[in-house]
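Engineer: PDB, C-alpha atoms, saved as work31.pdb, coming up:
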```pdb
ATOM      1  CA  MET A  66     -20.401  10.051  -9.490
ATOM      2  CA  LYS A  67     -19.245  11.049  -6.021
ATOM      3  CA  LYS A  68     -19.447  14.715  -5.055
ATOM      4  CA  PHE A  69     -18.717  16.898  -2.043
ATOM      5  CA  TRP A  70     -21.553  18.097   0.160
ATOM      6  CA  ARG A  71     -21.669  20.588   3.055
ATOM      7  CA  CYS A  72     -24.177  20.777   5.907
ATOM      8  CA  PHE A  73     -25.406  24.359   5.972
ATOM      9  CA  VAL A  74     -25.891  24.223   9.760
ATOM     10  CA  CYS A  75     -22.554  22.908  11.066
ATOM     11  CA  ASN A  76     -20.253  22.689   7.986
ATOM     12  CA  ASP A  77     -19.985  18.896   8.160
ATOM     13  CA  VAL A  78     -18.396  17.781   4.864
ATOM     14  CA  HIS A  79     -19.526  14.601   3.133
ATOM     15  CA  TYR A  80     -18.079  12.902   0.041
ATOM     16  CA  GLY A  81     -20.485  10.547  -1.706
ATOM     17  CA  VAL A  82     -22.962   9.874  -4.490
ATOM     18  CA  LYS A  83     -25.805  11.268  -2.352
ATOM     19  CA  SER A  84     -25.897  13.664   0.561
ATOM     20  CA  PRO A  85     -26.959  12.207   3.944
ATOM     21  CA  GLU A  86     -30.601  12.856   4.851
ATOM     22  CA  ILE A  87     -29.604  13.567   8.426
ATOM     23  CA  CYS A  88     -26.303  15.227   9.291
ATOM     24  CA  PRO A  89     -24.383  12.770  11.537
ATOM     25  CA  SER A  90     -22.674  15.687  13.302
ATOM     26  CA  CYS A  91     -25.561  18.017  14.203
ATOM     27  CA  GLY A  92     -28.709  16.041  13.329
ATOM     28  CA  ALA A  93     -30.107  18.607  10.860
ATOM     29  CA  LYS A  94     -32.436  17.178   8.201
ATOM     30  CA  ASN A  95     -31.978  17.772   4.446
ATOM     31  CA  ALA A  96     -29.150  20.140   5.265
ATOM     32  CA  TYR A  97     -26.596  19.404   2.570
ATOM     33  CA  VAL A  98     -25.623  21.534  -0.395
ATOM     34  CA  GLU A  99     -23.197  20.490  -3.117
ATOM     35  CA  ILE A 100     -19.773  22.177  -2.976
ATOM     36  CA  THR A 101     -16.580  22.024  -5.008
ATOM     37  CA  ALA A 102     -13.566  19.876  -4.122
ATOM     38  CA  GLN A 103     -11.580  23.057  -3.491
ATOM     39  CA  GLU A 104     -14.153  24.295  -0.974
ATOM     40  CA  ALA A 105     -14.238  20.914   0.755
ATOM     41  CA  GLN A 106     -10.451  20.840   0.976
ATOM     42  CA  LYS A 107     -10.340  24.289   2.558
ATOM     43  CA  MET A 108     -13.159  23.521   5.003
ATOM     44  CA  CYS A 109     -11.469  20.332   6.176
ATOM     45  CA  ARG A 110      -8.350  22.293   7.104
ATOM     46  CA  VAL A 111     -10.245  23.551  10.154
ATOM     47  CA  ALA A 112      -9.967  20.086  11.646
ATOM     48  CA  GLU A 113      -6.551  19.207  10.257
ATOM     49  CA  VAL A 114      -4.840  16.673  12.508
ATOM     50  CA  LYS A 115      -1.154  15.855  12.423
ATOM     51  CA  MET A 116      -1.009  12.091  12.734
ATOM     52  CA  ASP A 117       1.965  10.395  14.316
ATOM     53  CA  LYS A 118       2.491   6.666  14.552
ATOM     54  CA  GLU A 119       0.676   6.266  17.869
ATOM     55  CA  LYS A 120      -2.322   8.294  16.722
ATOM     56  CA  LEU A 121      -2.540   6.246  13.538
ATOM     57  CA  ARG A 122      -2.215   2.995  15.471
ATOM     58  CA  ALA A 123      -5.055   4.093  17.774
ATOM     59  CA  ALA A 124      -7.244   5.101  14.802
ATOM     60  CA  LEU A 125      -6.675   1.740  13.119
ATOM     61  CA  GLU A 126      -7.293  -0.197  16.334
ATOM     62  CA  ASN A 127     -10.550   1.690  16.695
ATOM     63  CA  PHE A 128     -11.394   0.871  13.066
ATOM     64  CA  THR A 129     -10.812  -2.866  13.590
ATOM     65  CA  GLU A 130     -12.644  -3.090  16.915
ATOM     66  CA  SER A 131     -15.993  -4.255  15.579
ATOM     67  CA  ASN A 132     -14.651  -6.027  12.514
ATOM     68  CA  GLU A 133     -13.603  -9.588  11.710
ATOM     69  CA  PHE A 134      -9.968  -8.452  11.417
ATOM     70  CA  ARG A 135      -7.441  -6.777  13.718
ATOM     71  CA  LEU A 136      -3.956  -5.305  13.588
ATOM     72  CA  ASN A 137      -1.192  -7.881  13.194
ATOM     73  CA  PRO A 138      -0.140  -9.083  16.678
ATOM     74  CA  ASP A 139       3.524  -8.767  15.614
ATOM     75  CA  SER A 140       4.190  -5.225  16.849
ATOM     76  CA  GLU A 141       7.516  -4.945  14.976
ATOM     77  CA  THR A 142       5.699  -5.596  11.682
ATOM     78  CA  VAL A 143       2.985  -3.063  12.528
ATOM     79  CA  ASP A 144       5.606  -0.500  13.535
ATOM     80  CA  MET A 145       7.487  -0.797  10.251
ATOM     81  CA  LEU A 146       4.319  -0.630   8.151
ATOM     82  CA  LEU A 147       2.918   2.401   9.979
ATOM     83  CA  GLU A 148       6.263   4.116   9.498
ATOM     84  CA  GLY A 149       6.005   3.373   5.765
ATOM     85  CA  VAL A 150       2.408   4.554   5.499
ATOM     86  CA  LEU A 151       3.206   7.868   7.225
ATOM     87  CA  THR A 152       6.396   8.360   5.205
ATOM     88  CA  ASN A 153       4.412   7.798   2.007
ATOM     89  CA  GLU A 154       1.833  10.352   3.104
ATOM     90  CA  GLN A 155       4.604  12.858   3.752
ATOM     91  CA  ASN A 156       6.457  12.173   0.485
ATOM     92  CA  HIS A 157       3.620  11.220  -1.870
ATOM     93  CA  GLY A 158       0.505  12.896  -0.428
ATOM     94  CA  LEU A 159      -1.557   9.916   0.739
ATOM     95  CA  LYS A 160      -1.135   6.937   3.058
ATOM     96  CA  TYR A 161      -0.111   4.546   0.286
ATOM     97  CA  CYS A 162       0.612   0.903   1.138
ATOM     98  CA  PRO A 163       4.398   0.484   1.584
ATOM     99  CA  CYS A 164       4.262  -2.981  -0.037
ATOM    100  CA  ARG A 165       2.890  -1.828  -3.407
ATOM    101  CA  LEU A 166       3.893   0.899  -5.794
ATOM    102  CA  THR A 167       1.682   3.623  -7.276
ATOM    103  CA  THR A 168       1.001   3.532 -11.011
ATOM    104  CA  LYS A 169       0.783   7.344 -11.472
ATOM    105  CA  ASP A 170      -2.945   6.978 -12.288
ATOM    106  CA  PHE A 171      -4.394   8.917  -9.327
ATOM    107  CA  ALA A 172      -7.849   7.291  -9.398
ATOM    108  CA  GLU A 173      -6.337   3.819  -9.668
ATOM    109  CA  ASP A 174      -3.838   4.534  -6.900
ATOM    110  CA  LEU A 175      -6.629   5.436  -4.461
ATOM    111  CA  LYS A 176      -7.039   1.660  -4.128
ATOM    112  CA  LEU A 177      -3.637   1.610  -2.436
ATOM    113  CA  VAL A 178      -4.500   4.009   0.370
ATOM    114  CA  CYS A 179      -4.311   2.356   3.788
ATOM    115  CA  PRO A 180      -6.597   0.908   5.000
ATOM    116  CA  CYS A 181      -7.437  -0.342   1.520
ATOM    117  CA  ASN A 182     -10.330  -2.648   0.657
ATOM    118  CA  PHE A 183      -8.250  -5.703   1.522
ATOM    119  CA  LEU A 184     -11.275  -7.979   2.006
ATOM    120  CA  ILE A 185     -11.139  -8.612  -1.749
ATOM    121  CA  HIS A 186      -7.405  -9.453  -1.784
ATOM    122  CA  SER A 187      -6.429 -13.027  -2.577
ATOM    123  CA  THR A 188      -4.010 -12.920   0.392
ATOM    124  CA  TYR A 189      -6.924 -12.165   2.729
ATOM    125  CA  LYS A 190      -9.082 -14.891   1.234
ATOM    126  CA  GLU A 191      -6.277 -17.483   1.279
ATOM    127  CA  ARG A 192      -4.154 -16.563   4.303
ATOM    128  CA  GLY A 193      -6.366 -14.187   6.236
ATOM    129  CA  GLU A 194      -4.145 -11.129   5.905
ATOM    130  CA  CYS A 195      -4.088  -7.991   3.810
ATOM    131  CA  TRP A 196      -1.434  -7.594   1.129
ATOM    132  CA  CYS A 197       1.140  -6.003   3.433
ATOM    133  CA  GLY A 198       0.197  -7.943   6.564
ATOM    134  CA  LEU A 199      -0.949  -4.968   8.641
ATOM    135  CA  PHE A 200      -4.414  -6.474   9.115
ATOM    136  CA  VAL A 201      -5.092 -10.113   9.936
ATOM    137  CA  LYS A 202      -8.291 -12.080  10.356
ATOM    138  CA  ARG A 203      -9.280 -12.687  13.984
TER     139      ARG A 203
ATOM    140  CA  MET B 195      20.503  -3.370 -18.110
ATOM    141  CA  ASP B 196      21.004  -5.566 -15.074
ATOM    142  CA  ARG B 197      19.877  -9.133 -15.621
ATOM    143  CA  LEU B 198      18.420  -9.760 -12.172
ATOM    144  CA  ILE B 199      16.571  -6.998 -10.340
ATOM    145  CA  MET B 200      14.840  -6.902  -6.978
ATOM    146  CA  PHE B 201      12.474  -3.949  -6.547
ATOM    147  CA  TYR B 202      11.854  -3.333  -2.861
ATOM    148  CA  GLY B 203      10.396  -0.805  -0.437
ATOM    149  CA  ARG B 204      12.349   0.391   2.596
ATOM    150  CA  GLU B 205       9.336  -0.055   4.892
ATOM    151  CA  CYS B 206       7.971  -3.211   3.212
ATOM    152  CA  VAL B 207       7.960  -6.185   5.597
ATOM    153  CA  HIS B 208       7.937  -8.790   2.810
ATOM    154  CA  CYS B 209      11.033  -7.148   1.318
ATOM    155  CA  ARG B 210      12.816  -7.292   4.662
ATOM    156  CA  TYR B 211      11.858 -10.963   4.961
ATOM    157  CA  MET B 212      13.233 -11.811   1.500
ATOM    158  CA  MET B 213      16.517  -9.889   1.753
ATOM    159  CA  PRO B 214      18.570 -12.639   3.527
ATOM    160  CA  TYR B 215      17.407 -15.195   0.930
ATOM    161  CA  VAL B 216      18.470 -12.884  -1.879
ATOM    162  CA  GLU B 217      21.900 -12.454  -0.306
ATOM    163  CA  GLN B 218      22.188 -16.209   0.227
ATOM    164  CA  LEU B 219      21.344 -16.779  -3.436
ATOM    165  CA  GLU B 220      23.960 -14.259  -4.547
ATOM    166  CA  LYS B 221      26.608 -16.102  -2.539
ATOM    167  CA  GLU B 222      25.513 -19.572  -3.598
ATOM    168  CA  MET B 223      25.199 -18.833  -7.301
ATOM    169  CA  GLY B 224      27.829 -16.103  -7.573
ATOM    170  CA  VAL B 225      25.320 -13.734  -9.170
ATOM    171  CA  VAL B 226      24.489 -10.112  -8.484
ATOM    172  CA  ILE B 227      20.891  -9.129  -7.894
ATOM    173  CA  LYS B 228      20.471  -5.391  -8.299
ATOM    174  CA  LYS B 229      18.407  -4.117  -5.365
ATOM    175  CA  LEU B 230      16.405  -1.011  -6.193
ATOM    176  CA  GLU B 231      14.357   0.875  -3.579
ATOM    177  CA  VAL B 232      11.172   2.275  -5.115
ATOM    178  CA  TRP B 233       9.393   4.455  -2.503
ATOM    179  CA  HIS B 234      12.308   6.801  -1.890
ATOM    180  CA  ASN B 235      13.798   6.842  -5.378
ATOM    181  CA  GLU B 236      11.561   7.988  -8.252
ATOM    182  CA  LYS B 237      13.970   6.767 -10.923
ATOM    183  CA  ASN B 238      13.808   3.247  -9.505
ATOM    184  CA  ALA B 239      10.021   3.558  -9.193
ATOM    185  CA  ASP B 240       9.722   4.491 -12.871
ATOM    186  CA  LEU B 241      11.923   1.561 -13.836
ATOM    187  CA  MET B 242       9.659  -0.763 -11.860
ATOM    188  CA  ARG B 243       6.604   0.759 -13.543
ATOM    189  CA  SER B 244       8.205   0.085 -16.929
ATOM    190  CA  PHE B 245       8.015  -3.641 -16.054
ATOM    191  CA  LYS B 246       4.347  -3.352 -15.075
ATOM    192  CA  ASP B 247       3.091  -5.948 -17.566
ATOM    193  CA  ILE B 248       5.630  -8.548 -16.481
ATOM    194  CA  ILE B 249       5.319  -7.883 -12.736
ATOM    195  CA  SER B 250       1.536  -7.610 -12.559
ATOM    196  CA  ARG B 251       1.166 -11.012 -14.256
ATOM    197  CA  SER B 252       2.766 -12.682 -11.251
ATOM    198  CA  CYS B 253       1.387 -10.229  -8.726
ATOM    199  CA  GLY B 254      -2.396 -10.358  -9.077
ATOM    200  CA  GLY B 255      -2.466  -7.317 -11.340
ATOM    201  CA  LEU B 256      -0.487  -5.203  -8.871
ATOM    202  CA  LEU B 257       2.899  -3.569  -8.638
ATOM    203  CA  GLY B 258       3.697  -5.364  -5.396
ATOM    204  CA  THR B 259       6.950  -5.379  -3.501
ATOM    205  CA  PRO B 260       9.260  -7.145  -3.461
ATOM    206  CA  SER B 261       9.221  -7.852  -7.173
ATOM    207  CA  PHE B 262      11.948  -9.875  -8.830
ATOM    208  CA  VAL B 263      12.524  -9.347 -12.543
ATOM    209  CA  ASN B 264      14.797 -11.439 -14.747
ATOM    210  CA  THR B 265      15.296  -9.156 -17.748
ATOM    211  CA  LYS B 266      16.764 -11.950 -19.849
ATOM    212  CA  THR B 267      13.772 -14.274 -19.573
ATOM    213  CA  ASN B 268      11.106 -11.687 -18.647
ATOM    214  CA  GLY B 269      10.312 -13.920 -15.685
ATOM    215  CA  ALA B 270       9.004 -12.272 -12.537
ATOM    216  CA  LEU B 271       8.201 -13.188  -8.963
ATOM    217  CA  CYS B 272       6.312 -11.194  -6.391
ATOM    218  CA  GLY B 273       6.072 -11.127  -2.600
ATOM    219  CA  GLU B 274       7.469 -13.714  -0.196
ATOM    220  CA  VAL B 275       8.585 -16.779  -2.135
ATOM    221  CA  LYS B 276      10.466 -19.932  -1.220
ATOM    222  CA  TYR B 277      14.245 -20.030  -1.737
ATOM    223  CA  GLU B 278      14.010 -22.763  -4.383
ATOM    224  CA  LYS B 279      11.554 -20.704  -6.397
ATOM    225  CA  LEU B 280      13.851 -17.692  -6.183
ATOM    226  CA  LYS B 281      16.722 -19.850  -7.414
ATOM    227  CA  GLU B 282      14.686 -21.081 -10.369
ATOM    228  CA  TRP B 283      13.832 -17.473 -11.226
ATOM    229  CA  ALA B 284      17.527 -16.505 -11.177
ATOM    230  CA  LEU B 285      18.411 -19.516 -13.332
ATOM    231  CA  GLY B 286      15.676 -18.531 -15.775
ATOM    232  CA  LYS B 287      13.740 -21.765 -15.386
TER     233      LYS B 287
END
```
Starting from the file, lay out its structure as structure tokens.

Structural biologist:
Amino acid sequence: MKKFWRCFVCNDVHYGVKSPEICPSCGAKNAYVEITAQEAQKMCRVAEVKMDKEKLRAALENFTESNEFRLNPDSETVDMLLEGVLTNEQNHGLKYCPCRLTTKDFAEDLKLVCPCNFLIHSTYKERGECWCGLFVKR
Amino acid sequence: MDRLIMFYGRECVHCRYMMPYVEQLEKEMGVVIKKLEVWHNEKNADLMRSFKDIISRSCGGLLGTPSFVNTKTNGALCGEVKYEKLKEWALGK
């Protein structure tokens, strides 16, 4: 089961089954202690970033850089989808895919948060694009 | 209950792509397809969720948009589909 962990040196927060041996932020060894979700949420507020469309586009471009996929070259499509993702975050709390609907099962709906694990989608396997078309195979 | 329903998302590119075909079908067949937006209207979203079993069968287990539900035949389509397929869905074939 995944848990929250905090580096006691620099307050780096990690969410995972195990804590990292070496903190990727400050390099401290064996520095993590388990914390509650509430603590993690509060600690992350220190670095809270308001994300607009251009910031999100840049983050996703950075994410795709060393991968076999990239953002759809059709900028109008990307624009509309990023608008939807950000609107969903504002209205529904997370960056849900605008081309699928949540089920109201929170754990299940985490699979819909963009970028989702689209490598397993049939659309990616057959046509080389994620369900909504935001990411396409190079 | 409306017989033919299209569930769509305002910022869904596949929905935008399908909209002219839906309007063409309405004109050609003289039918009304009720268009319900699901990301900005919780009532519509709940109605779509109530068709989860029918929709997810044709949608790889998902509640994808657009979804087309024929409430008379319980037939459903999902995503971008060819005009002829949409017509067959409306006719209940």

Engineer: Hey, can you pull every residue with an atom no more than 12 Å from (-1.5, 10.6, 10.8), using only C-alpha atoms, and send it as a PyMOL selection string?

Structural biologist: chain A and resi 113-125+147-155+158-160+179

Engineer: Kindly provide, as a ChimeraX atom specification, the polymer residues lying within 6 Å of (-26.2, 20.3, -0.4), counting all atoms listed in the file and using the coordinates exactly as they appear in the file.

Structural biologist: /A:70-71,97-99

Engineer: If the cut-off is 7 Å, can you tell me the residues of chain B near chain A, counting all atoms listed in the file? I'd like them as JSON, numbers by chain.

Structural biologist: {"B": [203, 205, 206, 207, 243, 257, 258, 259]}

Engineer: If you apply the PyMOL selection byres ((chain A and resi 93) around 12) to this file, what residues do you get, as a count of residues only?

Structural biologist: 19

Engineer: So what does the PyMOL selection byres ((chain A and resi 79) around 6) actually pick up in this one, as a PDB file with C-alpha atoms, keeping the file's coordinate frame?

Structural biologist:
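Everything below was put into result-v8.pdb:
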```pdb
ATOM      1  CA  PHE A  69     -18.717  16.898  -2.043  1.00  0.00           C
ATOM      2  CA  TRP A  70     -21.553  18.097   0.160  1.00  0.00           C
ATOM      3  CA  VAL A  78     -18.396  17.781   4.864  1.00  0.00           C
ATOM      4  CA  TYR A  80     -18.079  12.902   0.041  1.00  0.00           C
TER       5      TYR A  80
END
```

Engineer: Selected by the PyMOL selection byres ((chain B and resi 248-253) around 10) in the shown coordinates: which residues, as a ChimeraX atom specification?

Structural biologist: /B:242-247,254-265,268-273

Engineer: So how far away is atom CA of B:Tyr211 from atom CA of A:Asn137, in Å?

Structural biologist: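 Separating atom CA of A:Asn137 from atom CA of B:Tyr211 is a distance of 15.7 Å.
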